[in-house]
Amino acid sequence: MAGIWSNLCSVKSNSIADAVFFLMSEWIETKGGTRISRLAIIDGASSITISDACTVSAGCKLVGRESAARGTKPVIALGKYVFLAANCTLDPSKSSGAAGDLGECTIGNYTTIGENSVVKLSFIGNRVRVGSNCHLGELCVINDCCIIEDGAVVPKRSVIAPFSRVRGVPGQDYVVEELSAAYRRVLELNSHLCKNLE
Amino acid sequence: MYLYNSIYLCSCKNKTESSVAIPAALRGTKLTLPDLYFCSRCLVLRCNDCCIIETVAKYCVNCMTDYSDSPGTTRCIKNCFECVKCSSPLAITALDVGKGKQFTFNCGYCDYSYETEVITEPIPLLKHLRAKADPRFSRLCEKYSHRDSTTLTAQMEQKLQQMSLSANTENKKQFHLNRLGSNPQSLLPPLPTGKHLVAKRSYSCPGCNTKLLDPVADPRLMKYLTKELALDILPLLVAKVGPEELELEGDTQCYLSVINALPSNAKITISTVEKIPSTFNKTETELSVSLPVTSFAVSSRREKMGILESLPTQFLTDATAESRAEKLTRSVTKGGRYSANYEANGLEKGANWATVPFSYSATEDLDCDILPWLPFYVTIETRMPASMNRALTSSGNGLKLGFWALVPVEK
Ligand SMILES: [Zn+2]
Ligand SMILES: [Zn+2]
Ligand SMILES: [Zn+2]
Ligand SMILES: [Zn+2]
C-alpha cells in the first residue's frame, strides 16, 4: 500500500500543511472538507487533483502518475463533492500503448461512484451517480445528470447523453433511457447526503 | 439513491381513484417522484406514458451533429458506428494498402470486427458500406428511413436487422425476404451500422396540452424552457425500520416520514388497507400495518435550508461530524431547537417534514432481513405557490389531492 503520509495528493487550494489530522480517525481531513481514508491507495499523488468536500473511502485505488511534471494537467481530477465509495478504482492507464501510459480521468462536481466500481480513463460530468459494481470502459464520456445503475457495464468509447439512465451489460440487457429534468436536483442532493451521512 | 425510492402512481394508472382499495397498477409501475410531472392546471400527476410527446431535436451524441432537420433519420451518417452484435461503439483503424486504404472496425466490447475492401476513392465510409449492401436492402433502408423509428414495430426492426445480416450473401439472387438467414454458412460478417441518434423530447399534459417539460432544442444546452415537476409539489415519502430493540412480539416498528416540497404548510392524511397482500409488499407473506397517527401538519420548505435540517432524524448516522452534531441538536430535550417537536402520539415534527411511527406484522413467519414495500394513500391539503397556480378551477390557491405510493421500508 502506498504510504498516504508521504504522498498525500495535491488538494486544490489546500496544501498538505493545511490538512487537519484527527487522531484515532480513519480519515485525513482538509480545511476544504475533503476526507481521504487512510485505507485508500493513492499512487502518483502529485498528478491527482481533489477539490473541496470530496470523500475518498477505504480501499479506493487512484492510479496517478508519479513523475508528472509541475504545471501539467492532472491525470485524475475530482470536482467538488465527489464521493468515492469503498473499494472503487480510478485507473486512467491505457490498455494500448506503453506500459504506464496514462490518459486522464476527470470527474465532475456532485458525482458519486459506488462500491467496487471501476472507472478507466474517462470523462464523467457533473451530477452523475455511478452505482456499485459498475465498469466504465476506456474513453467513455458520461455527460451531466446520468445514472449508471448498479452492475452496469459501459463499453469502451461510449458517449452517454445528458439525462440518461444506463443499465445492464452490452449484448445482454444493456439499455439507455431518458431521465427527467428533476434528476439534476436529485443527484446533487444525493452527493450531499453521501458526504454528510457516510 | 437517497430519499427518492418510493413509487408513485400516476393519475393515468389510477382509474378507480379509490382510497380504500390498492390500485392493481401500483404493482406494475416503477415511477418514482422525479420521474413524474405535475400539471398545475389539471392538478394531477402525469408521466411519460400519458403525456403527449414531441421530438424537439435529435442529434448524434458522439459527434454532436444536429439531425433535427432530417426527418426519418435515426442513425448518424458520419463516421460514428456501432456494433451490430452488442451496440457498443466501434473503433476504426485505417491501413495504407498501395494507393488506397483499408478500414477495420473493431468492437470495444465483443469480438465483432469488420474489414472493408481497399478503398481508393475518398468517399464517406457509410456510403461505401451501403454500396456493399444488397441494392434491394439499400432501397428498403431508404424506404424505412423515411419513417420515424418509433413507428417501426419490433418485428420490422428485427426484419431489418436480419436483412442487414444477410445483405452480403454471395448468391444475391436467392435473397428472399421470407427466408432470411436460413443459410448461415453463406453469411459474411454483418456490416457496421451508424450510431443511434438521441432525441430531446417535450412532454405535454394530455388534459390541457400544457407543456410540462420542454427542453431547448440546441443539443449542446441542457436548459429547459418549462419544468413542471412532481417533486416540486408532492411530498416525499420515506420509511425506515426502527432499531431492533423496538421489535415487539412480531411487530416491526418503523417510521414513515413526509417531506414537504412546497413553500407553504401542508395538512397530510395517511391511510393504508388492513391486509397488504404479498404481491404488493414484495415479501412472501401477507402483512398488516398499524398506523396510529393518520393526520398531521407539515411545515413549509424554506429557501436555503441546510441539507441535514431537511432530513428526518432516522436518516442521521454517526459516520460524520456533521451528522453527529445534527443528531445531538435533535436529542436536546429542553431549550434546543427541536425540543418541542415530539408529540405524545410519537409524531416528530422537523423543519419541513414530519415523522410518524407505524408497525407491521406478518401473518406467517417473515425473515427479519426481508424488508417490505408498503402501499399508502396520502392526501395533501395546501396552497399552491402563487407563481405556479394555473388551475382552471376557481379554487383559488387551494390544492387538495390524494395519491397512492408504494414505499420501501429501508434499513
Ligand atoms: Zn401517466
Ligand atoms: Zn455521429
Ligand atoms: Zn460488439
Ligand atoms: Zn393539464
# chains A, B, ... in the order shown; residues from 1 in each chain; ligands from 1
>>> interface_residues(of="chain A", to="chain B", cutoff="7 Å", atoms="only C-alpha atoms", output="list of chain:residue names")
A:Pro155, A:Lys156, A:Arg157, A:Ser158, A:Val159, A:Ala161, A:Pro170, A:Gly171, A:Ser180, A:Ala182, A:Tyr183, A:Asn190, A:Asn196, A:Leu197, A:Glu198
>>> select_by_dssp(residues="region 265-392 of chain B", states="alpha helix (DSSP H)", output="ChimeraX atom specification")
/B:278-281,321-331
>>> closest_residue(among="B:Ala239, B:Ala24, B:Cys205, B:Leu197", to="ligand 2", atoms="only C-alpha atoms and all ligand atoms")
B:Leu197
>>> closest_atom_pairs(of="chain B", to="ligand 4", cutoff="6 Å", atoms="only C-alpha atoms and all ligand atoms", output="JSON lines")
{"residue": "B:Cys39", "atom": "CA", "partner": "ligand 4", "partner_atom_place_in_ligand_line": "1 (Zn)", "distance": 4.7}
{"residue": "B:Arg41", "atom": "CA", "partner": "ligand 4", "partner_atom_place_in_ligand_line": "1 (Zn)", "distance": 5.0}
{"residue": "B:Cys42", "atom": "CA", "partner": "ligand 4", "partner_atom_place_in_ligand_line": "1 (Zn)", "distance": 4.2}
{"residue": "B:Cys205", "atom": "CA", "partner": "ligand 4", "partner_atom_place_in_ligand_line": "1 (Zn)", "distance": 4.6}
{"residue": "B:Gly207", "atom": "CA", "partner": "ligand 4", "partner_atom_place_in_ligand_line": "1 (Zn)", "distance": 4.6}
{"residue": "B:Cys208", "atom": "CA", "partner": "ligand 4", "partner_atom_place_in_ligand_line": "1 (Zn)", "distance": 4.1}
{"residue": "B:Thr210", "atom": "CA", "partner": "ligand 4", "partner_atom_place_in_ligand_line": "1 (Zn)", "distance": 5.8}
>>> write_last_selection(atoms="C-alpha atoms", output="compact mmCIF listing (two decimals), in the first residue's frame")
# COMPACT_ATOMS: atom_id res chain seq x y z
CA CYS B 39 -49.90 19.66 -14.25
CA ARG B 41 -53.84 23.39 -14.48
CA CYS B 42 -55.40 19.96 -14.14
CA CYS B 205 -50.37 17.25 -20.41
CA GLY B 207 -55.76 17.02 -20.43
CA CYS B 208 -54.91 20.63 -21.24
CA THR B 210 -49.74 22.49 -21.39
>>> residues_near_ligand(ligand="ligand 2", cutoff="10 Å", atoms="only C-alpha atoms and all ligand atoms", output="list in words")
Tyr59, Cys60, Val61, Asn62, Cys63, Met64, Thr65, Asp66, Tyr67, Arg75, Cys76, Ile77, Lys78, Asn79, Cys80, Phe81, Gly194, Lys195, His196 and Leu197 of chain B
>>> write_last_selection(atoms="C-alpha atoms", output="PDB file, in the first residue's frame")
ATOM      1  CA  TYR B  59     -28.587  14.548 -32.621  1.00  0.00           C
ATOM      2  CA  CYS B  60     -25.652  12.192 -32.532  1.00  0.00           C
ATOM      3  CA  VAL B  61     -24.161  12.325 -29.063  1.00  0.00           C
ATOM      4  CA  ASN B  62     -20.856  11.079 -30.443  1.00  0.00           C
ATOM      5  CA  CYS B  63     -20.134  13.822 -32.992  1.00  0.00           C
ATOM      6  CA  MET B  64     -22.840  16.282 -31.845  1.00  0.00           C
ATOM      7  CA  THR B  65     -24.254  16.597 -35.366  1.00  0.00           C
ATOM      8  CA  ASP B  66     -27.766  18.019 -35.198  1.00  0.00           C
ATOM      9  CA  TYR B  67     -30.204  15.920 -37.263  1.00  0.00           C
ATOM     10  CA  ARG B  75     -28.745   6.903 -37.188  1.00  0.00           C
ATOM     11  CA  CYS B  76     -25.660   9.062 -37.583  1.00  0.00           C
ATOM     12  CA  ILE B  77     -24.428   9.237 -41.161  1.00  0.00           C
ATOM     13  CA  LYS B  78     -20.944  10.462 -40.195  1.00  0.00           C
ATOM     14  CA  ASN B  79     -18.156   8.207 -39.011  1.00  0.00           C
ATOM     15  CA  CYS B  80     -19.954   7.098 -35.831  1.00  0.00           C
ATOM     16  CA  PHE B  81     -20.544   3.368 -35.978  1.00  0.00           C
ATOM     17  CA  GLY B 194     -24.420   4.129 -37.812  1.00  0.00           C
ATOM     18  CA  LYS B 195     -24.835   5.192 -34.218  1.00  0.00           C
ATOM     19  CA  HIS B 196     -28.399   5.613 -32.983  1.00  0.00           C
ATOM     20  CA  LEU B 197     -29.384   9.240 -32.596  1.00  0.00           C
TER      21      LEU B 197
END
>>> residues_near_ligand(ligand="ligand 1", cutoff="7 Å", atoms="only C-alpha atoms and all ligand atoms", output="ChimeraX atom specification")
/B:10-13,45-51
>>> residues_around(residues="Gly168 (chain A)", least_positions_apart="6", cutoff="9 Å", atoms="only C-alpha atoms", output="JSON list (two decimals) with N, CA and C atoms, in the first residue's frame")
[["chain", "number", "residue", "atom", "x", "y", "z"],
["A", 149, "GLU", "N", -26.71, 2.47, -13.40],
["A", 149, "GLU", "CA", -27.27, 1.58, -12.38],
["A", 149, "GLU", "C", -26.25, 0.55, -11.90],
["A", 150, "ASP", "N", -26.48, 0.04, -10.71],
["A", 150, "ASP", "CA", -25.60, -0.96, -10.12],
["A", 150, "ASP", "C", -25.30, -2.08, -11.12],
["A", 151, "GLY", "N", -24.05, -2.46, -11.23],
["A", 151, "GLY", "CA", -23.67, -3.59, -12.06],
["A", 151, "GLY", "C", -23.60, -3.32, -13.55],
["A", 152, "ALA", "N", -23.86, -2.08, -13.96],
["A", 152, "ALA", "CA", -23.86, -1.79, -15.40],
["A", 152, "ALA", "C", -22.43, -1.78, -15.95],
["A", 153, "VAL", "N", -22.31, -2.17, -17.21],
["A", 153, "VAL", "CA", -21.03, -2.14, -17.89],
["A", 153, "VAL", "C", -21.16, -1.16, -19.06],
["A", 154, "VAL", "N", -20.40, -0.08, -19.01],
["A", 154, "VAL", "CA", -20.45, 0.89, -20.10],
["A", 154, "VAL", "C", -19.26, 0.60, -21.01],
["A", 174, "TYR", "N", -28.34, -4.39, -22.07],
["A", 174, "TYR", "CA", -27.89, -3.00, -21.98],
["A", 174, "TYR", "C", -28.97, -2.05, -22.48],
["A", 175, "VAL", "N", -29.36, -1.09, -21.64],
["A", 175, "VAL", "CA", -30.36, -0.11, -22.05],
["A", 175, "VAL", "C", -29.93, 1.29, -21.61],
["A", 176, "VAL", "N", -30.20, 2.26, -22.46],
["A", 176, "VAL", "CA", -30.00, 3.65, -22.10],
["A", 176, "VAL", "C", -31.37, 4.32, -22.21]]
>>> closest_atom_pairs(of="region 300-386 of chain B", to="region 275-279 of chain B", cutoff="12 Å", atoms="only C-alpha atoms", output="Markdown table")
| residue | atom | partner | partner_atom | distance |
| --- | --- | --- | --- | --- |
| B:Tyr360 | CA | B:Ile276 | CA | 9.9 |
| B:Ser361 | CA | B:Lys275 | CA | 10.0 |
| B:Ala362 | CA | B:Ile276 | CA | 9.6 |
| B:Thr363 | CA | B:Lys275 | CA | 9.4 |
| B:Glu364 | CA | B:Ser278 | CA | 11.0 |
| B:Leu366 | CA | B:Ser278 | CA | 11.3 |
| B:Leu371 | CA | B:Ser278 | CA | 11.9 |
| B:Pro372 | CA | B:Ser278 | CA | 8.9 |
| B:Trp373 | CA | B:Ser278 | CA | 9.4 |
| B:Leu374 | CA | B:Ile276 | CA | 7.6 |
| B:Pro375 | CA | B:Ile276 | CA | 7.9 |
| B:Phe376 | CA | B:Ile276 | CA | 10.4 |
>>> residues_around(residues="region 349-352 of chain B", least_positions_apart="5", cutoff="10 Å", atoms="only C-alpha atoms", output="JSON list (two decimals) with N, CA and C atoms, in the first residue's frame")
[["chain", "number", "residue", "atom", "x", "y", "z"],
["B", 235, "PRO", "N", -45.39, 15.76, -1.66],
["B", 235, "PRO", "CA", -44.45, 15.45, -0.58],
["B", 235, "PRO", "C", -43.71, 14.15, -0.86],
["B", 257, "SER", "N", -41.82, 9.04, 7.11],
["B", 257, "SER", "CA", -41.61, 10.49, 7.08],
["B", 257, "SER", "C", -42.23, 11.08, 5.83],
["B", 258, "VAL", "N", -42.74, 12.29, 6.00],
["B", 258, "VAL", "CA", -43.32, 13.04, 4.89],
["B", 258, "VAL", "C", -42.55, 14.35, 4.81],
["B", 259, "ILE", "N", -41.90, 14.57, 3.67],
["B", 259, "ILE", "CA", -41.08, 15.78, 3.50],
["B", 259, "ILE", "C", -41.80, 16.72, 2.53],
["B", 260, "ASN", "N", -42.05, 17.92, 2.98],
["B", 260, "ASN", "CA", -42.83, 18.89, 2.20],
["B", 260, "ASN", "C", -41.92, 19.63, 1.21],
["B", 261, "ALA", "N", -42.38, 19.70, -0.04],
["B", 261, "ALA", "CA", -41.58, 20.38, -1.07],
["B", 261, "ALA", "C", -42.04, 21.81, -1.28],
["B", 262, "LEU", "N", -43.22, 22.15, -0.77],
["B", 262, "LEU", "CA", -43.84, 23.45, -1.07],
["B", 262, "LEU", "C", -43.45, 24.52, -0.05],
["B", 263, "PRO", "N", -43.45, 25.78, -0.50],
["B", 263, "PRO", "CA", -43.17, 26.87, 0.43],
["B", 263, "PRO", "C", -44.39, 27.26, 1.28],
["B", 264, "SER", "N", -45.34, 26.33, 1.43],
["B", 264, "SER", "CA", -46.49, 26.59, 2.29],
["B", 264, "SER", "C", -46.73, 25.37, 3.17],
["B", 265, "ASN", "N", -47.33, 25.59, 4.34],
["B", 265, "ASN", "CA", -47.61, 24.47, 5.23],
["B", 265, "ASN", "C", -48.62, 23.52, 4.59],
["B", 266, "ALA", "N", -48.58, 22.28, 4.99],
["B", 266, "ALA", "CA", -49.48, 21.30, 4.37],
["B", 266, "ALA", "C", -50.14, 20.44, 5.44],
["B", 296, "PHE", "N", -51.78, 14.91, 10.22],
["B", 296, "PHE", "CA", -50.83, 15.82, 10.88],
["B", 296, "PHE", "C", -50.47, 16.94, 9.92],
["B", 297, "ALA", "N", -49.78, 17.93, 10.44],
["B", 297, "ALA", "CA", -49.37, 19.06, 9.61],
["B", 297, "ALA", "C", -47.86, 18.98, 9.35],
["B", 298, "VAL", "N", -47.45, 19.47, 8.21],
["B", 298, "VAL", "CA", -46.02, 19.54, 7.89],
["B", 298, "VAL", "C", -45.71, 20.99, 7.51],
["B", 299, "SER", "N", -44.64, 21.52, 8.09],
["B", 299, "SER", "CA", -44.28, 22.92, 7.82],
["B", 299, "SER", "C", -43.74, 23.09, 6.40],
["B", 300, "SER", "N", -43.69, 24.35, 6.00],
["B", 300, "SER", "CA", -43.25, 24.67, 4.64],
["B", 300, "SER", "C", -41.74, 24.50, 4.49],
["B", 301, "ARG", "N", -41.35, 24.35, 3.26],
["B", 301, "ARG", "CA", -39.92, 24.33, 2.96],
["B", 301, "ARG", "C", -39.44, 25.78, 2.83],
["B", 302, "ARG", "N", -38.35, 26.09, 3.50],
["B", 302, "ARG", "CA", -37.81, 27.44, 3.37],
["B", 302, "ARG", "C", -36.74, 27.45, 2.29],
["B", 305, "MET", "N", -32.42, 25.90, 2.94],
["B", 305, "MET", "CA", -32.41, 25.06, 4.13],
["B", 305, "MET", "C", -31.14, 24.22, 4.13],
["B", 306, "GLY", "N", -30.67, 23.93, 5.33],
["B", 306, "GLY", "CA", -29.50, 23.06, 5.43],
["B", 306, "GLY", "C", -29.85, 21.66, 4.97],
["B", 308, "LEU", "N", -28.97, 18.74, 6.13],
["B", 308, "LEU", "CA", -29.36, 17.81, 7.19],
["B", 308, "LEU", "C", -30.62, 18.27, 7.92],
["B", 309, "GLU", "N", -30.84, 19.57, 7.94],
["B", 309, "GLU", "CA", -32.03, 20.11, 8.61],
["B", 309, "GLU", "C", -33.31, 19.55, 7.98],
["B", 310, "SER", "N", -33.27, 19.38, 6.67],
["B", 310, "SER", "CA", -34.48, 18.91, 5.98],
["B", 310, "SER", "C", -34.53, 17.38, 5.90],
["B", 311, "LEU", "N", -33.74, 16.73, 6.72],
["B", 311, "LEU", "CA", -33.68, 15.27, 6.68],
["B", 311, "LEU", "C", -34.30, 14.68, 7.95],
["B", 312, "PRO", "N", -35.23, 13.73, 7.82],
["B", 312, "PRO", "CA", -35.80, 13.10, 9.01],
["B", 312, "PRO", "C", -34.71, 12.44, 9.86],
["B", 313, "THR", "N", -34.94, 12.47, 11.17],
["B", 313, "THR", "CA", -33.94, 12.01, 12.14],
["B", 313, "THR", "C", -33.43, 10.59, 11.89],
["B", 330, "ARG", "N", -30.94, 17.47, 17.86],
["B", 330, "ARG", "CA", -32.32, 16.99, 17.91],
["B", 330, "ARG", "C", -32.62, 16.22, 19.18],
["B", 337, "ARG", "N", -33.57, 23.50, 19.72],
["B", 337, "ARG", "CA", -34.46, 23.94, 18.65],
["B", 337, "ARG", "C", -35.57, 22.93, 18.40],
["B", 338, "TYR", "N", -35.28, 21.67, 18.61],
["B", 338, "TYR", "CA", -36.26, 20.64, 18.27],
["B", 338, "TYR", "C", -36.95, 20.08, 19.50],
["B", 339, "SER", "N", -36.73, 20.76, 20.66],
["B", 339, "SER", "CA", -37.20, 20.17, 21.92],
["B", 339, "SER", "C", -38.69, 19.87, 21.92],
["B", 340, "ALA", "N", -39.49, 20.78, 21.36],
["B", 340, "ALA", "CA", -40.94, 20.61, 21.45],
["B", 340, "ALA", "C", -41.47, 19.80, 20.28],
["B", 341, "ASN", "N", -40.57, 19.16, 19.57],
["B", 341, "ASN", "CA", -41.03, 18.58, 18.32],
["B", 341, "ASN", "C", -41.52, 17.14, 18.40],
["B", 342, "TYR", "N", -41.44, 16.56, 19.60],
["B", 342, "TYR", "CA", -42.03, 15.24, 19.75],
["B", 342, "TYR", "C", -43.39, 15.40, 20.41],
["B", 343, "GLU", "N", -44.41, 14.84, 19.79],
["B", 343, "GLU", "CA", -45.73, 14.91, 20.39],
["B", 343, "GLU", "C", -46.02, 13.59, 21.10]]
